[in-house]
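Undergrad: Contents of protein-v2.tsv (TSV, C-alpha atoms) are below:
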chain	number	residue	atom	x	y	z
M	191	MET	CA	19.95	49.63	137.64
M	192	LYS	CA	17.74	46.74	138.72
M	193	SER	CA	15.14	47.61	136.09
M	194	ASN	CA	17.88	47.65	133.45
M	195	VAL	CA	18.96	44.14	134.39
M	196	LEU	CA	15.35	42.95	134.25
M	197	PHE	CA	14.91	44.55	130.86
M	198	LEU	CA	18.01	42.86	129.49
M	199	LEU	CA	16.94	39.50	130.97
M	200	ALA	CA	13.51	39.86	129.36
M	201	CYS	CA	15.17	40.59	126.03
M	202	ALA	CA	17.42	37.57	126.41
M	203	ALA	CA	14.38	35.43	127.19
M	204	ILE	CA	12.62	36.68	124.07
M	205	LEU	CA	15.68	35.91	121.96
M	206	GLY	CA	16.08	32.50	123.55
M	207	CYS	CA	12.49	31.50	122.85
M	208	ARG	CA	12.76	32.30	119.18
M	209	LYS	CA	15.99	30.39	118.61
M	210	HIS	CA	15.19	27.40	116.44
M	211	ASP	CA	17.50	25.27	114.36
M	212	VAL	CA	16.13	22.70	111.98
M	213	ASP	CA	18.37	19.66	111.64
M	214	ILE	CA	17.65	18.82	108.03
M	215	ALA	CA	19.97	15.82	108.06
M	216	SER	CA	17.85	14.12	110.70
M	217	LEU	CA	14.61	14.95	108.93
M	218	ASN	CA	13.91	11.55	107.37
M	219	THR	CA	10.99	10.18	109.30
M	220	SER	CA	8.48	10.33	106.45
M	221	ARG	CA	8.14	7.19	104.35
M	222	PHE	CA	7.59	9.44	101.33
M	223	ASP	CA	10.99	11.04	101.85
M	224	PRO	CA	13.65	9.88	99.37
M	225	ASP	CA	15.99	9.76	102.39
M	226	TRP	CA	13.74	7.30	104.25
M	227	VAL	CA	15.72	4.40	105.70
M	228	GLY	CA	12.97	2.37	107.38
M	229	PRO	CA	10.73	-0.45	106.22
M	230	SER	CA	9.59	-0.41	102.59
M	231	PHE	CA	6.06	0.26	101.40
M	232	MET	CA	6.38	-3.07	99.56
M	233	ARG	CA	6.74	-6.59	100.87
M	234	ILE	CA	7.17	-9.79	98.89
M	235	ASP	CA	4.59	-12.33	99.90
M	236	SER	CA	5.87	-15.10	97.65
M	237	ILE	CA	7.62	-15.94	94.37
M	238	ARG	CA	6.11	-18.90	92.55
M	239	THR	CA	6.83	-20.65	89.23
M	240	VAL	CA	3.71	-21.62	87.31
M	241	PRO	CA	3.12	-23.33	83.91
M	242	TYR	CA	2.11	-21.12	81.00
M	243	ALA	CA	0.72	-21.81	77.51
M	244	SER	CA	-0.34	-25.38	78.20
M	245	GLY	CA	2.84	-26.19	80.06
M	246	ALA	CA	5.23	-25.29	77.22
M	247	LEU	CA	6.46	-22.20	79.03
M	248	HIS	CA	6.82	-21.19	82.61
M	249	ARG	CA	6.64	-17.94	84.35
M	250	GLN	CA	7.58	-16.59	87.75
M	251	GLN	CA	4.93	-14.75	89.67
M	252	ILE	CA	6.06	-12.25	92.30
M	253	HIS	CA	3.29	-11.61	94.77
M	254	LEU	CA	3.96	-8.12	96.04
M	255	HIS	CA	2.10	-6.73	99.02
M	256	LEU	CA	1.67	-2.97	99.10
M	257	ASP	CA	1.25	-1.00	102.29
M	258	GLU	CA	-2.20	0.38	102.90
M	259	GLU	CA	-0.77	3.91	103.20
M	260	LEU	CA	0.55	3.77	99.65
M	261	ARG	CA	-2.89	3.08	98.26
M	262	ASN	CA	-3.94	6.63	99.13
M	263	VAL	CA	-1.33	7.90	96.69
M	264	GLN	CA	-2.64	7.96	93.14
M	265	ASP	CA	0.44	8.48	91.03
M	266	TYR	CA	2.99	5.91	92.07
M	267	VAL	CA	4.67	3.37	89.79
M	268	ILE	CA	6.53	0.16	90.46
M	269	ARG	CA	9.59	-0.39	88.30
M	270	VAL	CA	11.00	-3.90	88.03
M	271	ILE	CA	14.36	-4.73	86.52
M	272	GLU	CA	14.98	-8.38	85.69
M	273	TYR	CA	18.66	-9.11	85.30
M	274	THR	CA	18.87	-12.54	83.65
M	275	VAL	CA	17.29	-11.22	80.49
M	276	PRO	CA	17.70	-7.48	80.96
M	277	ASP	CA	14.21	-6.11	80.94
M	278	THR	CA	12.48	-3.27	82.70
M	279	THR	CA	8.80	-3.30	83.33
M	280	ILE	CA	6.82	-0.38	84.64
M	281	TYR	CA	3.65	-1.07	86.49
M	282	PRO	CA	1.27	1.82	86.91
M	283	ALA	CA	-0.58	2.58	90.10
M	284	VAL	CA	-2.83	-0.10	91.36
M	285	ASP	CA	-6.51	0.58	91.33
M	286	PRO	CA	-7.37	1.60	94.91
M	287	ALA	CA	-10.40	-0.64	94.69
M	288	GLN	CA	-8.20	-3.67	94.13
M	289	PRO	CA	-6.48	-5.69	96.84
M	290	THR	CA	-3.06	-4.58	97.93
M	291	VAL	CA	-1.36	-7.54	96.28
M	292	VAL	CA	0.32	-7.09	92.92
M	293	ILE	CA	1.30	-10.10	90.83
M	294	LEU	CA	4.30	-9.57	88.56
M	295	ASN	CA	4.79	-12.17	85.78
M	296	TYR	CA	8.07	-13.07	84.05
M	297	LEU	CA	8.88	-15.86	81.56
M	298	VAL	CA	11.56	-18.13	82.98
M	299	GLN	CA	13.48	-21.34	82.28
M	300	LEU	CA	13.16	-24.05	84.90
M	301	GLY	CA	16.24	-24.51	87.01
M	302	GLU	CA	17.54	-20.99	86.40
M	303	GLU	CA	17.82	-18.38	89.13
M	304	TYR	CA	16.27	-15.01	88.46
M	305	CYS	CA	16.94	-11.79	90.32
M	306	TYR	CA	14.85	-8.65	90.31
M	307	ASP	CA	15.16	-5.05	91.49
M	308	ILE	CA	11.78	-3.67	92.41
M	309	ASP	CA	11.71	0.10	92.85
M	310	LEU	CA	8.96	2.47	93.82
M	311	ARG	CA	8.49	5.92	92.36
M	312	ILE	CA	5.91	8.53	93.28
M	313	GLY	CA	5.02	11.69	91.46
M	314	SER	CA	7.51	12.97	88.95
M	315	GLY	CA	9.81	9.98	89.12
M	316	ILE	CA	11.80	10.59	92.28
M	317	LEU	CA	13.15	7.26	93.41
M	318	LEU	CA	12.12	6.29	96.89
M	319	ASN	CA	14.38	4.26	99.07
M	320	HIS	CA	12.04	1.28	99.09
M	321	ARG	CA	13.94	-1.08	96.81
M	322	LEU	CA	13.45	-4.82	97.09
M	323	SER	CA	15.97	-7.20	95.48
M	324	PRO	CA	14.60	-10.74	95.58
M	325	CYS	CA	16.18	-13.75	93.83
M	326	ALA	CA	14.46	-17.10	93.21
M	327	VAL	CA	15.17	-20.33	91.26
M	328	ALA	CA	12.47	-21.22	88.76
M	329	GLU	CA	11.17	-24.55	89.93
M	330	LEU	CA	7.76	-26.14	90.12
S	95	MET	CA	26.55	118.79	131.46
S	96	ASN	CA	29.82	117.42	130.26
S	97	LEU	CA	30.69	116.19	126.75
S	98	ARG	CA	30.17	112.51	127.69
S	99	ASP	CA	26.62	113.21	128.71
S	100	LEU	CA	26.05	115.18	125.57
S	101	SER	CA	27.13	112.24	123.51
S	102	LEU	CA	24.46	110.10	125.15
S	103	LEU	CA	21.68	112.30	123.89
S	104	PRO	CA	20.74	110.87	120.54
S	105	ILE	CA	17.93	113.15	119.60
S	106	LEU	CA	16.81	116.36	121.02
S	107	LEU	CA	13.88	117.98	119.34
S	108	PHE	CA	12.61	121.34	120.20
S	109	ALA	CA	9.02	122.34	119.74
S	110	SER	CA	7.35	125.65	120.09
S	111	ILE	CA	4.68	124.82	122.64
S	112	THR	CA	4.32	127.37	125.34
S	113	VAL	CA	3.96	125.87	128.78
S	114	GLY	CA	4.41	128.69	131.20
S	115	GLN	CA	6.67	131.47	132.30
S	116	GLY	CA	10.15	130.17	133.34
S	117	LYS	CA	9.14	126.57	132.86
S	118	GLY	CA	9.51	124.07	130.11
S	119	GLU	CA	8.16	120.67	129.34
S	120	ILE	CA	10.07	117.49	128.60
S	121	LYS	CA	8.59	114.35	127.09
S	122	LEU	CA	10.57	111.19	127.69
S	123	HIS	CA	10.61	108.36	125.18
S	124	VAL	CA	12.98	105.90	126.75
S	125	SER	CA	12.98	102.25	125.69
S	126	PRO	CA	12.05	99.73	126.89
S	127	HIS	CA	8.69	101.39	127.41
S	128	ASN	CA	7.67	99.09	130.25
S	129	GLY	CA	9.50	99.32	133.50
S	130	VAL	CA	11.55	102.43	132.87
S	131	GLU	CA	11.98	104.55	135.94
S	132	TYR	CA	14.15	107.49	136.66
S	133	VAL	CA	15.39	109.60	139.52
S	134	LEU	CA	15.09	113.32	139.01
S	135	ASP	CA	17.71	115.57	140.50
S	136	GLY	CA	18.63	112.84	143.02
S	137	LYS	CA	15.35	113.25	144.88
S	138	GLU	CA	12.28	111.87	143.24
S	139	ARG	CA	11.79	108.42	141.74
S	140	LEU	CA	9.36	108.73	138.88
S	141	SER	CA	8.04	106.81	135.95
S	142	ASN	CA	5.75	109.28	134.17
S	143	ARG	CA	6.71	110.25	130.66
S	144	GLY	CA	5.90	113.93	130.71
S	145	LEU	CA	7.24	116.57	133.11
S	146	VAL	CA	6.98	120.31	133.50
S	147	LEU	CA	10.14	121.59	135.15
S	148	PRO	CA	11.76	124.92	135.89
S	149	ALA	CA	14.10	126.04	133.17
S	150	GLY	CA	17.68	125.01	133.66
S	151	ASP	CA	19.74	121.82	134.06
S	152	HIS	CA	18.17	118.76	135.63
S	153	ARG	CA	19.86	115.51	136.38
S	154	PHE	CA	18.08	112.35	135.22
S	155	VAL	CA	19.14	108.81	136.10
S	156	PHE	CA	17.18	106.36	133.97
S	157	TRP	CA	16.92	102.70	134.73
S	158	ALA	CA	14.97	99.71	133.49
S	159	PRO	CA	15.24	96.05	134.48
S	160	ASP	CA	18.28	94.38	132.93
S	161	ARG	CA	19.34	97.64	131.25
S	162	LYS	CA	22.28	99.88	131.80
S	163	MET	CA	21.59	102.98	133.86
S	164	LEU	CA	21.82	106.31	132.11
S	165	ASP	CA	22.96	109.21	134.24
S	166	THR	CA	22.57	112.43	132.29
S	167	THR	CA	21.72	116.08	132.62
S	168	LEU	CA	19.05	117.64	130.44
S	169	THR	CA	18.56	121.33	130.00
S	170	ILE	CA	14.97	122.55	130.21
S	171	VAL	CA	14.27	125.63	128.13
S	172	ALA	CA	11.47	127.95	129.16
S	173	ASP	CA	8.30	127.78	127.09
S	174	THR	CA	9.65	124.89	125.11
S	175	THR	CA	8.78	121.22	124.87
S	176	ILE	CA	11.73	118.91	124.58
S	177	LEU	CA	11.36	115.39	123.22
S	178	PHE	CA	13.98	113.03	124.58
S	179	TYR	CA	14.59	109.70	122.86
S	180	LYS	CA	16.87	107.02	124.19
S	181	ILE	CA	17.20	103.25	124.16
S	182	LEU	CA	18.74	101.85	127.32
S	183	PRO	CA	21.20	99.13	126.30
S	184	ILE	CA	21.11	95.68	127.91
S	185	THR	CA	23.75	95.19	130.56
S	186	ASP	CA	26.71	92.94	129.82
S	187	ALA	CA	25.90	90.90	132.93
S	188	TYR	CA	22.35	90.26	131.75
S	189	ARG	CA	23.58	89.38	128.28
S	190	ALA	CA	26.07	86.93	129.76
S	191	TYR	CA	23.34	85.56	132.02
S	192	LYS	CA	21.06	84.94	129.02
S	193	VAL	CA	23.87	83.18	127.18
S	194	GLU	CA	24.55	80.97	130.20
S	195	GLN	CA	20.86	80.34	130.69
S	196	LYS	CA	20.43	79.38	127.05
S	197	ARG	CA	23.44	77.10	127.30
S	198	ALA	CA	21.96	75.42	130.38
S	199	VAL	CA	18.58	74.95	128.73
S	200	GLN	CA	20.17	73.59	125.58
S	201	GLY	CA	22.40	71.29	127.64
S	202	ARG	CA	19.42	69.91	129.53
S	203	PHE	CA	17.52	69.45	126.29
S	204	PHE	CA	20.51	67.73	124.69
S	205	TYR	CA	21.04	65.31	127.57
S	206	ARG	CA	17.35	64.43	127.77
S	207	ALA	CA	16.11	64.53	124.19
S	208	ILE	CA	18.93	62.85	122.29
S	209	PRO	CA	19.01	59.59	124.32
S	210	LEU	CA	15.22	59.64	124.49
S	211	VAL	CA	14.94	59.85	120.70
S	212	LEU	CA	17.62	57.17	120.34
S	213	THR	CA	15.75	54.91	122.76
S	214	ALA	CA	12.41	55.50	121.08
S	215	THR	CA	13.89	54.80	117.66
S	216	ALA	CA	15.62	51.67	118.91
S	217	GLY	CA	12.38	50.64	120.62
S	218	VAL	CA	10.44	50.92	117.39
S	219	PHE	CA	13.22	49.04	115.61
S	220	ALA	CA	13.17	46.33	118.29
S	221	TRP	CA	9.38	46.05	118.16
S	222	ASN	CA	9.46	45.71	114.38
S	223	SER	CA	12.36	43.27	114.53
S	224	ASN	CA	10.54	41.23	117.13
S	225	LYS	CA	7.51	41.06	114.86
S	226	LYS	CA	9.65	39.96	111.89
S	227	ASP	CA	11.44	37.46	114.10
S	228	ARG	CA	8.15	35.95	115.25
S	229	GLU	CA	6.95	35.69	111.66
S	230	ALA	CA	10.20	34.01	110.57
S	231	TYR	CA	10.01	31.62	113.51
S	232	ASP	CA	6.38	30.71	112.80
S	233	ALA	CA	7.13	30.17	109.11
S	234	LEU	CA	10.04	27.86	109.87
S	235	VAL	CA	8.10	25.82	112.44
S	236	ALA	CA	5.11	25.56	110.09
S	237	ALA	CA	7.32	24.38	107.24
S	238	GLU	CA	8.99	21.87	109.49
S	239	ASP	CA	5.61	20.61	110.67
S	240	SER	CA	4.42	20.22	107.07
S	241	TYR	CA	7.13	17.62	106.47
S	242	ASN	CA	5.09	14.82	108.00
S	243	SER	CA	1.94	15.64	106.08
S	244	LEU	CA	3.51	15.78	102.62
S	245	ARG	CA	2.87	12.74	100.39
S	246	VAL	CA	4.85	13.91	97.37
S	247	PRO	CA	8.59	13.12	97.41
S	248	LEU	CA	9.37	16.03	95.09
S	249	ALA	CA	7.69	18.40	97.53
S	250	ILE	CA	9.64	16.85	100.42
S	251	THR	CA	12.89	17.24	98.50
S	252	GLY	CA	12.04	20.86	97.73
S	253	LEU	CA	11.17	21.45	101.35
S	254	LYS	CA	14.46	20.04	102.59
S	255	ASP	CA	16.73	21.44	99.90
S	256	GLN	CA	15.28	24.89	99.44
S	257	VAL	CA	12.41	25.94	101.68
S	258	LEU	CA	13.79	24.97	105.08
S	259	PRO	CA	17.34	26.33	104.49
S	260	SER	CA	15.86	29.57	103.21
S	261	LEU	CA	13.49	29.95	106.16
S	262	GLN	CA	16.30	29.01	108.55
S	263	ALA	CA	18.46	31.75	107.04
S	264	ASP	CA	15.57	34.20	107.40
S	265	LEU	CA	15.14	33.31	111.07
S	266	ASP	CA	18.88	33.57	111.74
S	267	ALA	CA	18.95	37.00	110.09
S	268	ALA	CA	15.84	38.06	112.05
S	269	ASN	CA	17.52	36.85	115.26
S	270	ARG	CA	20.61	38.89	114.53
S	271	ARG	CA	18.52	41.94	113.72
S	272	LEU	CA	16.49	41.56	116.90
S	273	THR	CA	19.64	41.12	118.99
S	274	MET	CA	21.07	44.31	117.54
S	275	ALA	CA	17.82	46.18	118.06
S	276	VAL	CA	17.50	45.05	121.68
S	277	ALA	CA	21.13	45.95	122.32
S	278	LEU	CA	20.53	49.39	120.84
S	279	ALA	CA	17.41	49.83	122.95
S	280	GLY	CA	19.37	48.77	126.04
S	281	VAL	CA	22.08	51.28	125.26
S	282	GLY	CA	19.37	53.87	124.71
S	283	VAL	CA	17.75	53.17	128.08
S	284	VAL	CA	21.07	53.42	129.89
S	285	ALA	CA	21.95	56.58	127.96
S	286	THR	CA	18.54	58.06	128.80
S	287	ILE	CA	18.97	57.38	132.51
S	288	LEU	CA	22.48	58.81	132.49
S	289	GLY	CA	21.29	61.75	130.38
S	290	PHE	CA	18.52	62.62	132.83
S	291	ILE	CA	20.95	62.36	135.73
S	292	LYS	CA	23.41	64.57	133.89
S	293	ALA	CA	20.67	67.04	132.93
S	294	GLY	CA	19.52	67.20	136.53
S	295	ARG	CA	23.01	68.23	137.59
S	296	ILE	CA	23.14	71.17	135.23
S	297	VAL	CA	22.71	74.28	137.36
S	298	GLU	CA	20.81	77.10	135.75
S	299	PRO	CA	22.58	80.42	136.33
S	300	THR	CA	20.96	83.04	138.52
S	301	TYR	CA	20.91	86.69	137.69
S	302	LYS	CA	21.28	89.58	140.08
S	303	ASP	CA	20.40	92.94	138.67
S	304	LYS	CA	23.07	95.02	140.34
S	305	GLY	CA	21.82	98.04	138.47
S	306	LYS	CA	18.51	97.86	140.37
S	307	VAL	CA	20.24	97.79	143.72
S	308	GLU	CA	22.29	100.75	142.69
S	309	PHE	CA	19.26	102.54	141.31
S	310	ASP	CA	17.17	101.88	144.41
S	311	GLY	CA	19.93	103.33	146.49
S	312	LEU	CA	19.84	106.59	144.61
S	313	VAL	CA	16.47	107.75	145.90
S	314	TRP	CA	16.56	110.29	148.66
S	315	MET	CA	13.31	110.31	150.67
S	316	PRO	CA	12.53	113.38	152.83
S	317	SER	CA	11.34	112.70	156.38
S	318	ARG	CA	10.28	114.75	159.50
S	319	ASN	CA	13.73	114.63	161.02
S	320	GLY	CA	15.49	115.52	157.89
S	321	SER	CA	16.16	112.99	155.25
S	322	SER	CA	16.54	109.28	154.76
S	323	ILE	CA	17.79	107.13	151.97
S	324	GLN	CA	15.69	104.41	150.42
S	325	LEU	CA	17.58	101.21	149.93
S	326	GLY	CA	16.52	98.37	147.71
S	327	MET	CA	17.25	94.70	147.59
S	328	HIS	CA	16.86	92.38	144.69
S	329	ILE	CA	15.96	88.76	145.42
S	330	PRO	CA	15.48	86.59	142.37
S	331	ILE	CA	12.52	84.24	142.87
S	332	ARG	CA	12.27	81.34	140.49
Let's see the structure in the file written out as structure tokens.
TA:
Amino acid sequence: MKSNVLFLLACAAILGCRKHDVDIASLNTSRFDPDWVGPSFMRIDSIRTVPYASGALHRQQIHLHLDEELRNVQDYVIRVIEYTVPDTTIYPAVDPAQPTVVILNYLVQLGEEYCYDIDLRIGSGILLNHRLSPCAVAEL
Amino acid sequence: MNLRDLSLLPILLFASITVGQGKGEIKLHVSPHNGVEYVLDGKERLSNRGLVLPAGDHRFVFWAPDRKMLDTTLTIVADTTILFYKILPITDAYRAYKVEQKRAVQGRFFYRAIPLVLTATAGVFAWNSNKKDREAYDALVAAEDSYNSLRVPLAITGLKDQVLPSLQADLDAANRRLTMAVALAGVGVVATILGFIKAGRIVEPTYKDKGKVEFDGLVWMPSRNGSSIQLGMHIPIR
């Protein structure tokens, strides 16, 4: 009888060891996961307004800093939506040899406020949760 | 020789071989061939197949182990050879004993073999299920570990939406199968133990050949002071 109990305990131990439940909902620790909720791969260093075409026009320059980790990924794109004059611009992947700062240029009118949505996509267009939504008044 | 004895004589063949004046020969062909003995005229216990006897009636009591005794009178004819054929039938007690013995052997076999086969089958099933369970577990853990090394969002989405749920379902099914297999094996082990205990309690019947005791008691041995009777005792040794 004792050996039977030991046998059953051993079996229970085997079954217990193999029990494994993956909590998919909590699996969001990768920054490449569309469900990522932490810091973005992108950071805005500055938004400046600079003269253009001999001072007749002005443009806003968004200085975007990209995380070093993103530079190892070849096929990402940055999509920018500018709301004042609805326009979408797609920026292809940055050359890994270049610095991790991207300058985005938009024509603006002085005194107006411009808002942007800057998204990041990798691979076949899945949107990552790394959106930035800066707003800035065009002023020298 | 009465009519009953006559009916026990299946074949009597007469041959024309001359043996001697006033004497005749009898050749006995009694089955089973091994172990047949007989008492002649209530005096001599013999086993030889051929006899030369004075003409006239002679009483024969045939016996063989586990066979019915045959008490009969044969008439010896002068200058004639008689061939006597007879098969001694198996006794009812021995037949019943064999049935009981067979039942005991089959019972022991049943109580030992069936649970043993069940346990062995369940053991193989458990071993195989354990192997499948380990493979399913390893696959799930490996897939989960790959999450942090993936750099392609589409691959991560596929991993979370399809691969991991599928592997989780596989592991859950493997767990259920293993649980069932282990339970079956446990039942088999218990059944085997109980079966061996039960088989050990089955008593094999013993057989006492009462015919031998009776036959041994028939022999009348002459002695100096007159006569004595030879008694026999049958002790089954297993």
Undergrad: Measuring atom to atom with only C-alpha atoms, identify which of S:Glu194, S:Asp255, S:Asp173, S:Asp165 is nearest to Pro224 (chain M).
TA: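 Using only C-alpha atoms, Pro224 (chain M) sits closest to S:Asp255.
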Undergrad: Take the point (13.6, 2.8, 100.8) as written in the file and pick out every residue within 10 Å of it, counting all atoms listed in the file; give the list as a list in words.
TA: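 The distance filter leaves exactly Arg221, Phe222, Asp223, Pro224, Asp225, Trp226, Val227, Gly228, Pro229, Ser230, Phe231, Met232, Asp309, Leu310, Leu317, Leu318, Asn319, His320, Arg321 and Leu322 of chain M.
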Undergrad: Could you dump the residues just selected with C-alpha atoms as an mmCIF file, in the frame of the given file?
TA:
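Output below, filename part26.cif:
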data_model
loop_
_atom_site.group_PDB
_atom_site.id
_atom_site.type_symbol
_atom_site.label_atom_id
_atom_site.label_comp_id
_atom_site.auth_asym_id
_atom_site.auth_seq_id
_atom_site.Cartn_x
_atom_site.Cartn_y
_atom_site.Cartn_z
ATOM 1 C CA ARG M 221 8.140 7.190 104.350
ATOM 2 C CA PHE M 222 7.590 9.440 101.330
ATOM 3 C CA ASP M 223 10.990 11.040 101.850
ATOM 4 C CA PRO M 224 13.650 9.880 99.370
ATOM 5 C CA ASP M 225 15.990 9.760 102.390
ATOM 6 C CA TRP M 226 13.740 7.300 104.250
ATOM 7 C CA VAL M 227 15.720 4.400 105.700
ATOM 8 C CA GLY M 228 12.970 2.370 107.380
ATOM 9 C CA PRO M 229 10.730 -0.450 106.220
ATOM 10 C CA SER M 230 9.590 -0.410 102.590
ATOM 11 C CA PHE M 231 6.060 0.260 101.400
ATOM 12 C CA MET M 232 6.380 -3.070 99.560
ATOM 13 C CA ASP M 309 11.710 0.100 92.850
ATOM 14 C CA LEU M 310 8.960 2.470 93.820
ATOM 15 C CA LEU M 317 13.150 7.260 93.410
ATOM 16 C CA LEU M 318 12.120 6.290 96.890
ATOM 17 C CA ASN M 319 14.380 4.260 99.070
ATOM 18 C CA HIS M 320 12.040 1.280 99.090
ATOM 19 C CA ARG M 321 13.940 -1.080 96.810
ATOM 20 C CA LEU M 322 13.450 -4.820 97.090
#
Undergrad: Can you tell me which residues surround Gly118 (chain S) at a distance of at most 9 Å, considering all atoms listed in the file, apart from same-chain residues fewer than 5 positions away, and format the answer as a VMD selection string?
TA: chain S and resid 111 to 113 145 to 150 170 to 176
Undergrad: Can you write out the residues you just picked, keeping C-alpha atoms, as an mmCIF file, in the frame of the given file?
TA:
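Output file selection-v6.cif follows:
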data_model
loop_
_atom_site.group_PDB
_atom_site.id
_atom_site.type_symbol
_atom_site.label_atom_id
_atom_site.label_comp_id
_atom_site.auth_asym_id
_atom_site.auth_seq_id
_atom_site.Cartn_x
_atom_site.Cartn_y
_atom_site.Cartn_z
ATOM 1 C CA ILE S 111 4.680 124.820 122.640
ATOM 2 C CA THR S 112 4.320 127.370 125.340
ATOM 3 C CA VAL S 113 3.960 125.870 128.780
ATOM 4 C CA LEU S 145 7.240 116.570 133.110
ATOM 5 C CA VAL S 146 6.980 120.310 133.500
ATOM 6 C CA LEU S 147 10.140 121.590 135.150
ATOM 7 C CA PRO S 148 11.760 124.920 135.890
ATOM 8 C CA ALA S 149 14.100 126.040 133.170
ATOM 9 C CA GLY S 150 17.680 125.010 133.660
ATOM 10 C CA ILE S 170 14.970 122.550 130.210
ATOM 11 C CA VAL S 171 14.270 125.630 128.130
ATOM 12 C CA ALA S 172 11.470 127.950 129.160
ATOM 13 C CA ASP S 173 8.300 127.780 127.090
ATOM 14 C CA THR S 174 9.650 124.890 125.110
ATOM 15 C CA THR S 175 8.780 121.220 124.870
ATOM 16 C CA ILE S 176 11.730 118.910 124.580
#
Undergrad: Please find the residues of chain S near chain M - the criterion being any atom within 10 Å, counting only C-alpha atoms - and write them as number ranges by chain.
TA: S: 220, 224, 227-228, 230-232, 234-235, 238, 241-251, 253-255, 258-259, 261-263, 265-266, 268-270, 272-273, 276-277, 279-281, 283-284, 287
Undergrad: Just how far from CA of His123 (chain S) is CA of Lys192 (chain S), in Å to one decimal?
TA: 25.9 Å
Undergrad: Give me the residues near Tyr296 (chain M) as a PyMOL selection string, where near means some atom within 9 Å (using only C-alpha atoms) and where sequence neighbours in that chain fewer than 6 positions away do not count.
TA: chain M and resi 248-252+272
Undergrad: Of the candidates S:Gln195, S:Thr286, S:Ser141, S:Thr185, which shows the shortest atom-to-atom distance to Lys304 (chain S), using all atoms listed in the file?
TA: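 Ranked by minimum distance to Lys304 (chain S), first place goes to S:Thr185.
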Undergrad: Box for region 226-245 of chain M: with edges along x, y and z, all listed atoms inside and 5 Å added on each side, what are the centre and edge lengths in Å to one decimal, as JSON?
TA:
{"center_x": 7.7, "center_y": -9.4, "center_z": 92.4, "size_x": 26.1, "size_y": 43.5, "size_z": 39.9}
Undergrad: Report the distance between CA of Lys306 (chain S) and CA of Leu122 (chain S) in Å, rounded to one decimal place.
TA: 20.0 Å
Undergrad: I'd like the interatomic distance between CA of Ile271 (chain M) and CA of Ser323 (chain M), to a tenth of an Å.
TA: 9.4 Å
